[in-house]
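Asks: So that we are looking at the same thing, I have put the structure below in structure tokens.
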Protein chains: 4
Amino acid sequence: MSSNPSPAAACGARAALAARHEQVRAHTLALAAPLSPEDQCVQSMPDASPAKWHLAHTSWFFETVVLAPHVPGYRLFDARWAHLFNSYYESLGSRHPRPQRGLLTRPSLVEVHAYRAHVDEGVQALLASADEACWRAVEPLIELGLQHEQQHQELLLTDILHLFSCSPLLPAYGAGEAPALRLVPPALRWVEGAEGVVEIGHEGSGFAFDNETPRHRAWLQPYRIADRLVTCGEYAAFIADGGYRTPSLWLSDGWALVQAQHWNAPLYWIAPGDPRAPSAQWQVFGLQGLRPLDAAAPVVHLSFYEAAAYAQWAGARLPTEAEWEAAAARPGLRELHGHAWQWTRSSYDPYPGYRPWAGALGEYNGKFMVGQVVLRGSSLATPPGHARDSYRNFFPPAARWQFSGLRLAKDGE
Amino acid sequence: MSSNPSPAAACGARAALAARHEQVRAHTLALAAPLSPEDQCVQSMPDASPAKWHLAHTSWFFETVVLAPHVPGYRLFDARWAHLFNSYYESLGSRHPRPQRGLLTRPSLVEVHAYRAHVDEGVQALLASADEACWRAVEPLIELGLQHEQQHQELLLTDILHLFSCSPLLPAYGAGEAPALRLVPPALRWVEGAEGVVEIGHEGSGFAFDNETPRHRAWLQPYRIADRLVTCGEYAAFIADGGYRTPSLWLSDGWALVQAQHWNAPLYWIAPGDPRAPSAQWQVFGLQGLRPLDAAAPVVHLSFYEAAAYAQWAGARLPTEAEWEAAAARPGLRELHGHAWQWTRSSYDPYPGYRPWAGALGEYNGKFMVGQVVLRGSSLATPPGHARDSYRNFFPPAARWQFSGLRLAKDGE
Amino acid sequence: MSSNPSPAAACGARAALAARHEQVRAHTLALAAPLSPEDQCVQSMPDASPAKWHLAHTSWFFETVVLAPHVPGYRLFDARWAHLFNSYYESLGSRHPRPQRGLLTRPSLVEVHAYRAHVDEGVQALLASADEACWRAVEPLIELGLQHEQQHQELLLTDILHLFSCSPLLPAYGAGEAPALRLVPPALRWVEGAEGVVEIGHEGSGFAFDNETPRHRAWLQPYRIADRLVTCGEYAAFIADGGYRTPSLWLSDGWALVQAQHWNAPLYWIAPGDPRAPSAQWQVFGLQGLRPLDAAAPVVHLSFYEAAAYAQWAGARLPTEAEWEAAAARPGLRELHGHAWQWTRSSYDPYPGYRPWAGALGEYNGKFMVGQVVLRGSSLATPPGHARDSYRNFFPPAARWQFSGLRLAKDGE
Amino acid sequence: MSSNPSPAAACGARAALAARHEQVRAHTLALAAPLSPEDQCVQSMPDASPAKWHLAHTSWFFETVVLAPHVPGYRLFDARWAHLFNSYYESLGSRHPRPQRGLLTRPSLVEVHAYRAHVDEGVQALLASADEACWRAVEPLIELGLQHEQQHQELLLTDILHLFSCSPLLPAYGAGEAPALRLVPPALRWVEGAEGVVEIGHEGSGFAFDNETPRHRAWLQPYRIADRLVTCGEYAAFIADGGYRTPSLWLSDGWALVQAQHWNAPLYWIAPGDPRAPSAQWQVFGLQGLRPLDAAAPVVHLSFYEAAAYAQWAGARLPTEAEWEAAAARPGLRELHGHAWQWTRSSYDPYPGYRPWAGALGEYNGKFMVGQVVLRGSSLATPPGHARDSYRNFFPPAARWQFSGLRLAKDGE
């Protein structure tokens, strides 16, 4: 997250960052705009957060990381909110319990909007007035704040989709135009990867999270990787072939979940005959509401367990994250970004030589490095400009409310 | 719930009922008026419901019980809402799970207000146009709807208080004037009740719930009953004397709860030194926000277990509901109504000869007659005109979010 | 639990009590005799206790209540066992958590047998040597210890039956002779009870638990009561008629349990087609193992909810405990004792004027007086000489592992 | 698990395998010998199994994998036991729920011993009579059965230790001689590992589990690794320095567990002042009972979270499994085997090119490859001859009842 520009570049860099800050912050509000105050307040499960909470938390992040340490005499907008909108930073004081974020009817949405405006003014003023030393200190922090905000932009969408899915009325987040249904998936091509040393991890001067570093060498065995994602139509064939009733396809924990939760399709798929969507075919609930299944679209809302079971059924496997990143850098893979986060067969372990950022920011990624699985790429909900090939997204293997799908891989010869 | 007035009386009765209907329905909206759409949408625990849900459910009750069966050709405001706003009537179709009432951000508060207006117009039109047979049929149902609405008026307040208590900000429902603190409780007088047969249960032609009937005879042993409620100051002495650390004072289930939940005071009491209210004395959170303990006010927000433990500590016991009702009818007891629901030592069993109402309304009370304890009187949150000496309120023994306190009793000689 | 015999009578009374003590204690061992050390060690659910624990706890009771306070210089068999075998007496020190009784593989069964012998010798020696004052003090305590032991004799059987029911092998506790199956239940006669004052509660100088006292007056409305218990055949007709699928028959909590636990028959009934007992008819698992349903036998292993639902289906209700006791004293009811505990429609509240025993023994009954329902009569597992018409057994309404059935009642005219 | 010896070698191989089979099977019984039938029947938590279940399950494994498919006309000892003693093989039929293994008081220990004898005779007879083709088929299966049995030998010890730790009496499994307490841990030396390609995974013709294969290349960065394990004394210093109260040392899930479970020391450490072991110093419960902490002994009974937090506190980290295995092959590391399983910083992912065994045995390892962490080495409870440097043990990161400790590592330069 560091950079070291020349003075001249820094001047343009300031203006660029100020503009980008304004744009990113405005985009968050635009994403929330279709939602009523009630929609933005409620929490549908402990994993998800209310939209209003996302709006406030991202502002708290700027206030806490940028303004309070770097604006002399800065006064907190409301000192009690540090407790309300701290997400998980142990070193930044106490925090409101995550499962109770939806109980915060106060502050109101109007007050949270005022909070955003207050913090935004502070950041812009700081950018306009910072001396060189201050600029060097705050520039990477503001950039981090924006990257952080973009992560919450995606979560805002996944979380509101989950909330709406809990309503018998199945409201649509966005009206949108229904894309034409496609029955035939694009042809799939297997791309070869050779044995040998590759380098993976973030490279260059652009922004990256600490978990993408250091760039390092890894040894790959020969492998093949699909040039596109698995489609809804292909996944429907897995279901029709008894995929959810065949234990030999599943990891042990996954099979236990299938039985305990009565999973029989991806999250948000509504089966033919369900009273909410009586029809002779699968319906899929999404940001545009309930729609018939698009057989050619990449399947999303899969857990890792489902992705791995599908791959097993298809006579393939999931790629490791090193395979994915190495392939993304060379062969012409399609649908790398903007469609679906892609489960890999790599647990979320630290890279060799990994060092968390200093101070409270060291909690950003490092402390979650166990029990989670890496996803690569980016989804339809990832904001523009946020995706990178070295990006390491991660979720527990049972998580399904993200836009998570898969790309197949196989051992090479 | 039946009545049989003369035709002349009926005419005035219609106008009176129409006026009363308008007044009661308006009062519900007035109670919700201080709350934002967000405040009215959120559910803080499975036992409590959102204010918006109360607004909608009470309208659903009128629509389902009065309008749909008695207005020819009546069209439901929205057929899907029957599922959303049915509370617990198995015979009226499926229903949204109680713990998920807070997920209903849609319909919006505005839509629910429109629903109320629609239903109110329907009821008023019915009252204006009903022929004699129809009037005889709907009058008791409308009266029941109003009584039902009044019950939810009290719940709306207890539920919003619980929600606000979950916020670190401890917002106040109503500004109100802080009453002067009183240090000295009123003197307590023991009132005698003689051995013999008494009659209890609802009597006369006014409205009563089915669980208050039939009026019947019971045999009482000699007893004494306090002419006022236990005060906060008295209860604070119980705490100071180690009441919450002395198992011999408690029923077995109560003691288990004290330990599991770390109870050490009534719900909403905040101990000296708590970061939310640093002070050298007890603070109490209520509808007017956080205030210092008023030693002379009746203690509320007790579970049955706490009420019984206090009575044991005080060398007394709780009155049975028959003792309470018999005493209310004769001696000059104070604070019978308008302060606190009073836990009795009577489980909520059916009266001898009890018959539930016919049809779906038979689910109103009868199916809850096990595992609950009777409370008598009425509280500061009970709407005007709703209280009766024969009223049998009931809650599980662990419930504390109601305005529930106690009156002491003893065996006579 | 007090008595006051003349000196001469006391002498014979000592010998009688010594003989009875020997007989009761031996009977417990006889009940455990068919069980292996493993059978006696394991706990199948928190409500049930291992047989070895019953053997030890009843001895702990004699040691703690009789020997330690009344034998000068008595040394505990093992001081650490007070913690292990205290059941629920808060005033007698700490105790091993109830759900972990099955983890006590040590002390071994052999050691527990030695404990029993040690305590028995102590009690017999005390009976032989006590002076008059001591005798007056210990006689009621020894009698209480024997009554307590008899209660655990019944629990030992209900608990081992539950354990065996958890095994796919369905082992039989006792070989026994299979009684001939009866297809026709005995005729049922309705017995009348008149309106007026009755006296209920324990009377006379014999033993009674504190919860049966004081004898007191109660007012009954006219009622009718069945002269025999409901049979398995009758209950099977309720099942066949959709009893477990008809919510209007059920109390609210009961219906919730039916759905959550998928109840569709009494506990231990195995449906036609179940792989454990393939057959075209109901099988019932009992102390003699798996047997075809005996249509004429009283139904047992019902929860209160099931008993009440059956009564509703049959156009009747459960009797109150006052009705039951008054009827037992006068009309010629059959099957009062020795077949099934009979759920009443009375919550387990204290009698008017009830006073718990002094000291630790006050915890015996009083602290459980909320949230439970009274059962009257006695069951096939109740030891000889232990039953009384005034006996108040009690269990939570969901309990099904006792030998609990029902007798019908109706309102009179 | 395959091997391909010459005919001559095979003859000696048969005798050797028969002898080894006899020895391994006898060793299991020897481990159980100090335990009573009750000790061997009870299950103290879902993760642990009763000793009797281990005895039966390992026999079921031989019966199912070796005898039934390869002995013509083989009759199962008891057909119902396949259900009772199947552990987790979906492809081998239904199975008794894992948390209820302790409810199986039947079959008795005596019957399980007879089962073992029956199966052992069958295996020995098969070894004596198999023709060449049969020998080639069964030899690897018998070897697998023995390796499997050895795994359960270790579990038998960890599970009985957990059971005994639940008893307030803290019984000792083995009398043993108390080793002299050592106050000074051995000096620690850091061993260097160079950057470059290494080969890891099983090599050669000896037995290995499928998860150790295939042998493959991996790229290592420079690193250092401690030549001995972390000691109890060192770990006590971590505790004394507030290790369990410092969130910055912990992974997020670990810190949540520390708070929820009130962890403040390794499992089985009893703090000074605990009523079970009043003393001014730490006591540790182990197979020899309760003993004072041995400061120089390797610390065991750590979760992965605790191991990682300790390493963080010590300014180090855990080694990856590739680092561990590469170092084990070259430098002179001490305490590789026979003291403690050593948590690595590697999640339990499949090796590149991993192929599970065919058929039901494919469930042996592969289906657990998510959400678990790799441990290397072997412990004091690992049976002789069972340890290998390529061995990949795995447990969930919260598991503490194994003999699990740690060895430190650091990045090199």
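Labels used: A, B, ... for chains in the order of the structure tokens, numbers from 1 for residues in each chain, and numbers from 1 for ligands as shown.
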Residues of range 278-338 of chain D classed as strand (DSSP E) by DSSP on the backbone are to be reported as an mmCIF file with C-alpha atoms, in the first residue's frame.

Replies:
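Written output follows (part26.cif):
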```cif
data_model
loop_
_atom_site.group_PDB
_atom_site.id
_atom_site.type_symbol
_atom_site.label_atom_id
_atom_site.label_comp_id
_atom_site.auth_asym_id
_atom_site.auth_seq_id
_atom_site.Cartn_x
_atom_site.Cartn_y
_atom_site.Cartn_z
ATOM 1 C CA GLN D 283 -0.614 -28.748 37.743
ATOM 2 C CA VAL D 284 -0.992 -30.785 34.582
ATOM 3 C CA PHE D 285 -3.360 -33.703 34.165
ATOM 4 C CA GLY D 286 -2.064 -36.510 32.013
ATOM 5 C CA GLY D 289 -2.740 -38.403 36.673
ATOM 6 C CA LEU D 290 -2.211 -34.983 38.131
ATOM 7 C CA ARG D 291 1.395 -33.830 38.356
ATOM 8 C CA PRO D 292 3.244 -30.573 38.829
#
```

Asks: Could you list, as a VMD selection string, every residue within 8 Å of Ala307 in chain D, counting only C-alpha atoms and ignoring same-chain residues fewer than 6 positions away?

Replies: chain D and resid 318 343 405 to 406

Asks: Would you put the residues from that selection into a file with all heavy atoms, as a PDB file, in the first residue's frame?

Replies:
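Saved result, result38.pdb, follows:
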```pdb
ATOM      1  N   LEU D 318       4.902 -20.437  12.897  1.00  0.00           N
ATOM      2  CA  LEU D 318       4.916 -21.887  12.735  1.00  0.00           C
ATOM      3  C   LEU D 318       5.539 -22.221  11.387  1.00  0.00           C
ATOM      4  O   LEU D 318       5.392 -21.468  10.420  1.00  0.00           O
ATOM      5  CB  LEU D 318       3.487 -22.442  12.798  1.00  0.00           C
ATOM      6  CG  LEU D 318       2.738 -22.165  14.100  1.00  0.00           C
ATOM      7  CD1 LEU D 318       1.295 -22.668  13.992  1.00  0.00           C
ATOM      8  CD2 LEU D 318       3.443 -22.831  15.281  1.00  0.00           C
ATOM      9  N   TRP D 343       1.889 -28.556  15.303  1.00  0.00           N
ATOM     10  CA  TRP D 343       1.050 -27.764  14.403  1.00  0.00           C
ATOM     11  C   TRP D 343       1.933 -27.057  13.370  1.00  0.00           C
ATOM     12  O   TRP D 343       2.939 -26.441  13.728  1.00  0.00           O
ATOM     13  CB  TRP D 343       0.289 -26.695  15.175  1.00  0.00           C
ATOM     14  CG  TRP D 343      -0.844 -27.195  16.016  1.00  0.00           C
ATOM     15  CD1 TRP D 343      -0.877 -27.249  17.376  1.00  0.00           C
ATOM     16  CD2 TRP D 343      -2.126 -27.660  15.564  1.00  0.00           C
ATOM     17  NE1 TRP D 343      -2.102 -27.736  17.807  1.00  0.00           N
ATOM     18  CE2 TRP D 343      -2.888 -27.997  16.711  1.00  0.00           C
ATOM     19  CE3 TRP D 343      -2.708 -27.841  14.310  1.00  0.00           C
ATOM     20  CZ2 TRP D 343      -4.192 -28.484  16.628  1.00  0.00           C
ATOM     21  CZ3 TRP D 343      -4.010 -28.333  14.233  1.00  0.00           C
ATOM     22  CH2 TRP D 343      -4.731 -28.649  15.384  1.00  0.00           C
ATOM     23  N   GLY D 405       1.585 -29.963  20.122  1.00  0.00           N
ATOM     24  CA  GLY D 405       2.420 -28.855  20.568  1.00  0.00           C
ATOM     25  C   GLY D 405       2.947 -28.084  19.377  1.00  0.00           C
ATOM     26  O   GLY D 405       2.287 -27.998  18.347  1.00  0.00           O
ATOM     27  N   LEU D 406       4.158 -27.547  19.502  1.00  0.00           N
ATOM     28  CA  LEU D 406       4.693 -26.773  18.375  1.00  0.00           C
ATOM     29  C   LEU D 406       6.203 -26.666  18.415  1.00  0.00           C
ATOM     30  O   LEU D 406       6.838 -26.793  19.462  1.00  0.00           O
ATOM     31  CB  LEU D 406       4.096 -25.368  18.322  1.00  0.00           C
ATOM     32  CG  LEU D 406       4.624 -24.315  19.294  1.00  0.00           C
ATOM     33  CD1 LEU D 406       4.470 -22.927  18.686  1.00  0.00           C
ATOM     34  CD2 LEU D 406       3.880 -24.415  20.617  1.00  0.00           C
TER      35      LEU D 406
END
```

Asks: Could you list, as a count of residues only, the residues of chain A having an atom within 10 Å of chain D when counting only C-alpha atoms?

Replies: 56

Asks: Quick one: residues within 12 Å of Ala30 in chain C, only C-alpha atoms, excluding same-chain residues fewer than 2 positions away - as a list of chain:residue names?

Replies: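 Once the adjacent positions are removed, what remains is C:Gln23, C:Val24, C:Arg25, C:Ala26, C:His27, C:Thr28, C:Ala32, C:Ala33, C:Pro34, C:Leu35, C:Ala51, C:Leu55, C:Gln153, C:Leu156, C:Leu157, C:Gly174.
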
Asks: Which residues come within 10 Å of Phe209 in chain A, counting only C-alpha atoms, excluding same-chain residues fewer than 5 positions away, as a PDB file with N, CA and C atoms, in the first residue's frame?

Replies:
```pdb
ATOM      1  N   MET A   1       0.814  -1.195   0.000  1.00  0.00           N
ATOM      2  CA  MET A   1       0.000   0.000   0.000  1.00  0.00           C
ATOM      3  C   MET A   1       0.854   1.254   0.000  1.00  0.00           C
ATOM      4  N   LEU A 144      -6.219   3.278   0.786  1.00  0.00           N
ATOM      5  CA  LEU A 144      -6.744   2.095   1.479  1.00  0.00           C
ATOM      6  C   LEU A 144      -8.211   2.297   1.828  1.00  0.00           C
ATOM      7  N   GLN A 147     -10.232   1.643  -1.258  1.00  0.00           N
ATOM      8  CA  GLN A 147     -10.298   0.209  -1.562  1.00  0.00           C
ATOM      9  C   GLN A 147     -11.239  -0.493  -0.582  1.00  0.00           C
ATOM     10  N   HIS A 148     -11.140  -0.090   0.652  1.00  0.00           N
ATOM     11  CA  HIS A 148     -12.011  -0.636   1.698  1.00  0.00           C
ATOM     12  C   HIS A 148     -13.475  -0.300   1.376  1.00  0.00           C
ATOM     13  N   HIS A 202       1.444  -9.700  -5.609  1.00  0.00           N
ATOM     14  CA  HIS A 202       1.366  -8.361  -6.172  1.00  0.00           C
ATOM     15  C   HIS A 202       2.739  -7.854  -6.607  1.00  0.00           C
ATOM     16  N   PRO A 356       2.011  -8.628   7.999  1.00  0.00           N
ATOM     17  CA  PRO A 356       0.835  -7.745   8.078  1.00  0.00           C
ATOM     18  C   PRO A 356       1.286  -6.288   8.168  1.00  0.00           C
ATOM     19  N   TRP A 357       0.402  -5.356   7.753  1.00  0.00           N
ATOM     20  CA  TRP A 357       0.686  -3.947   7.933  1.00  0.00           C
ATOM     21  C   TRP A 357       0.907  -3.646   9.413  1.00  0.00           C
ATOM     22  N   TYR A 364      -6.325  -6.054   9.292  1.00  0.00           N
ATOM     23  CA  TYR A 364      -7.179  -6.007   8.108  1.00  0.00           C
ATOM     24  C   TYR A 364      -7.370  -7.390   7.483  1.00  0.00           C
ATOM     25  N   ASN A 365      -6.293  -8.106   7.314  1.00  0.00           N
ATOM     26  CA  ASN A 365      -6.357  -9.392   6.614  1.00  0.00           C
ATOM     27  C   ASN A 365      -5.778 -10.555   7.405  1.00  0.00           C
ATOM     28  N   SER A 390      -4.018 -10.382  -8.781  1.00  0.00           N
ATOM     29  CA  SER A 390      -3.369 -10.886  -7.556  1.00  0.00           C
ATOM     30  C   SER A 390      -4.284 -10.835  -6.340  1.00  0.00           C
ATOM     31  N   TYR A 391      -5.499 -10.355  -6.528  1.00  0.00           N
ATOM     32  CA  TYR A 391      -6.466 -10.176  -5.445  1.00  0.00           C
ATOM     33  C   TYR A 391      -6.804 -11.519  -4.792  1.00  0.00           C
ATOM     34  N   ARG A 392      -6.709 -11.554  -3.472  1.00  0.00           N
ATOM     35  CA  ARG A 392      -7.070 -12.783  -2.742  1.00  0.00           C
ATOM     36  C   ARG A 392      -8.331 -12.537  -1.926  1.00  0.00           C
TER      37      ARG A 392
END
```

Asks: Need to verify the contact set: Ala322 in chain D, 7 Å, only C-alpha atoms, exclusion of same-chain residues closer than 3 positions in sequence. Can you return it as JSON, numbers by chain?

Replies: {"D": [200, 325, 326]}

Asks: Mind writing the picked residues with N, CA, C and O atoms as a tab-separated table (two decimals), in the first residue's frame?

Replies:
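Output below, filename out-v4.tsv:
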```
chain	number	residue	atom	x	y	z
D	200	ILE	N	8.90	-33.20	-1.49
D	200	ILE	CA	8.25	-33.72	-0.28
D	200	ILE	C	7.19	-34.73	-0.70
D	200	ILE	O	6.80	-34.81	-1.86
D	325	GLU	N	9.04	-30.85	6.62
D	325	GLU	CA	9.46	-32.13	6.03
D	325	GLU	C	10.85	-32.01	5.41
D	325	GLU	O	11.67	-32.93	5.52
D	326	ALA	N	11.10	-30.86	4.77
D	326	ALA	CA	12.43	-30.68	4.17
D	326	ALA	C	13.49	-30.63	5.26
D	326	ALA	O	14.58	-31.22	5.13
```

Asks: Which one of D:Ala398, D:Cys232, D:Cys11, D:Ala314 sits closest to Ala297 in chain D if you count only C-alpha atoms?

Replies: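 Result for the nearest residue to Ala297 in chain D: D:Cys232.
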
Asks: Show which residues sit within 9 Å of Ser108 in chain C, as a ChimeraX atom specification. Count only C-alpha atoms, and ignore same-chain residues fewer than 6 positions away.

Replies: /C:37,41,52 /D:36,38-39

Asks: Take the residues from that selection and write them out as a short mmCIF file (atom, residue, chain, number, x, y, z; two decimals), in the first residue's frame, keeping all heavy atoms.

Replies:
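Final output, saved to result_7.cif:
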```
data_model
loop_
_atom_site.label_atom_id
_atom_site.label_comp_id
_atom_site.auth_asym_id
_atom_site.auth_seq_id
_atom_site.Cartn_x
_atom_site.Cartn_y
_atom_site.Cartn_z
N PRO C 37 -22.47 -53.66 34.26
CA PRO C 37 -21.85 -52.41 34.74
C PRO C 37 -21.93 -51.30 33.69
O PRO C 37 -22.11 -50.13 34.03
CB PRO C 37 -20.40 -52.83 35.00
CG PRO C 37 -20.44 -54.29 35.25
CD PRO C 37 -21.57 -54.82 34.41
N CYS C 41 -23.91 -47.48 33.91
CA CYS C 41 -23.02 -46.31 33.95
C CYS C 41 -23.45 -45.18 33.03
O CYS C 41 -23.17 -44.02 33.28
CB CYS C 41 -21.60 -46.75 33.59
SG CYS C 41 -20.37 -45.46 33.78
N LYS C 52 -26.31 -46.62 38.16
CA LYS C 52 -25.29 -46.54 39.22
C LYS C 52 -25.42 -45.23 39.99
O LYS C 52 -25.22 -45.21 41.21
CB LYS C 52 -23.89 -46.66 38.59
CG LYS C 52 -22.78 -46.70 39.62
CD LYS C 52 -21.43 -46.97 38.95
CE LYS C 52 -20.91 -45.76 38.22
NZ LYS C 52 -19.57 -45.97 37.65
N SER D 36 -11.72 -50.24 33.21
CA SER D 36 -12.88 -51.06 33.54
C SER D 36 -13.86 -51.07 32.37
O SER D 36 -13.78 -50.24 31.47
CB SER D 36 -13.58 -50.48 34.77
OG SER D 36 -14.26 -49.29 34.42
N GLU D 38 -16.78 -50.03 32.42
CA GLU D 38 -17.44 -48.73 32.40
C GLU D 38 -16.55 -47.68 31.72
O GLU D 38 -17.02 -46.89 30.90
CB GLU D 38 -17.75 -48.29 33.83
CG GLU D 38 -18.80 -49.17 34.52
CD GLU D 38 -18.53 -49.32 36.01
OE1 GLU D 38 -17.53 -50.00 36.37
OE2 GLU D 38 -19.30 -48.77 36.80
N ASP D 39 -15.28 -47.66 32.09
CA ASP D 39 -14.36 -46.71 31.45
C ASP D 39 -14.37 -46.86 29.93
O ASP D 39 -14.21 -45.88 29.20
CB ASP D 39 -12.90 -46.97 31.91
CG ASP D 39 -12.68 -46.70 33.39
OD1 ASP D 39 -13.44 -45.92 33.99
OD2 ASP D 39 -11.72 -47.30 33.94
#
```

Asks: Identify, on the basis of only C-alpha atoms, every residue whose closest approach to His54 in chain C does not exceed 12 Å; exclude the query and any residue fewer than 5 positions from it along the same chain; express the result as a PyMOL selection string.

Replies: chain C and resi 25+28-29+31-32+40-43+48-49+59-61+84-87+101-102+109+112-113+116+148-160

Asks: Calculate how many Å separate CA of Pro140 in chain C from CA of Phe207 in chain C, rounding to one decimal.

Replies: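 CA of Phe207 in chain C lies at a distance of 8.3 Å from CA of Pro140 in chain C.
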
Asks: To one decimal place, how far is CA of Arg317 in chain D from CA of His262 in chain D in Å?

Replies: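 Straight-line distance from CA of Arg317 in chain D to CA of His262 in chain D works out to 24.1 Å.
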
Asks: Give me, please, the distance in Å between CA of Gly242 in chain D and CA of Ala309 in chain D, quoted to one decimal.

Replies: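 Between CA of Gly242 in chain D and CA of Ala309 in chain D the gap works out to 11.4 Å.
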
Asks: DSSP says helix (DSSP H, G or I) for which residues of range 33-239 of chain C? Put them as a PyMOL selection string?

Replies: chain C and resi 37-41+51-70+81-85+90-92+98-103+109-129+132-165+210-212+232-239
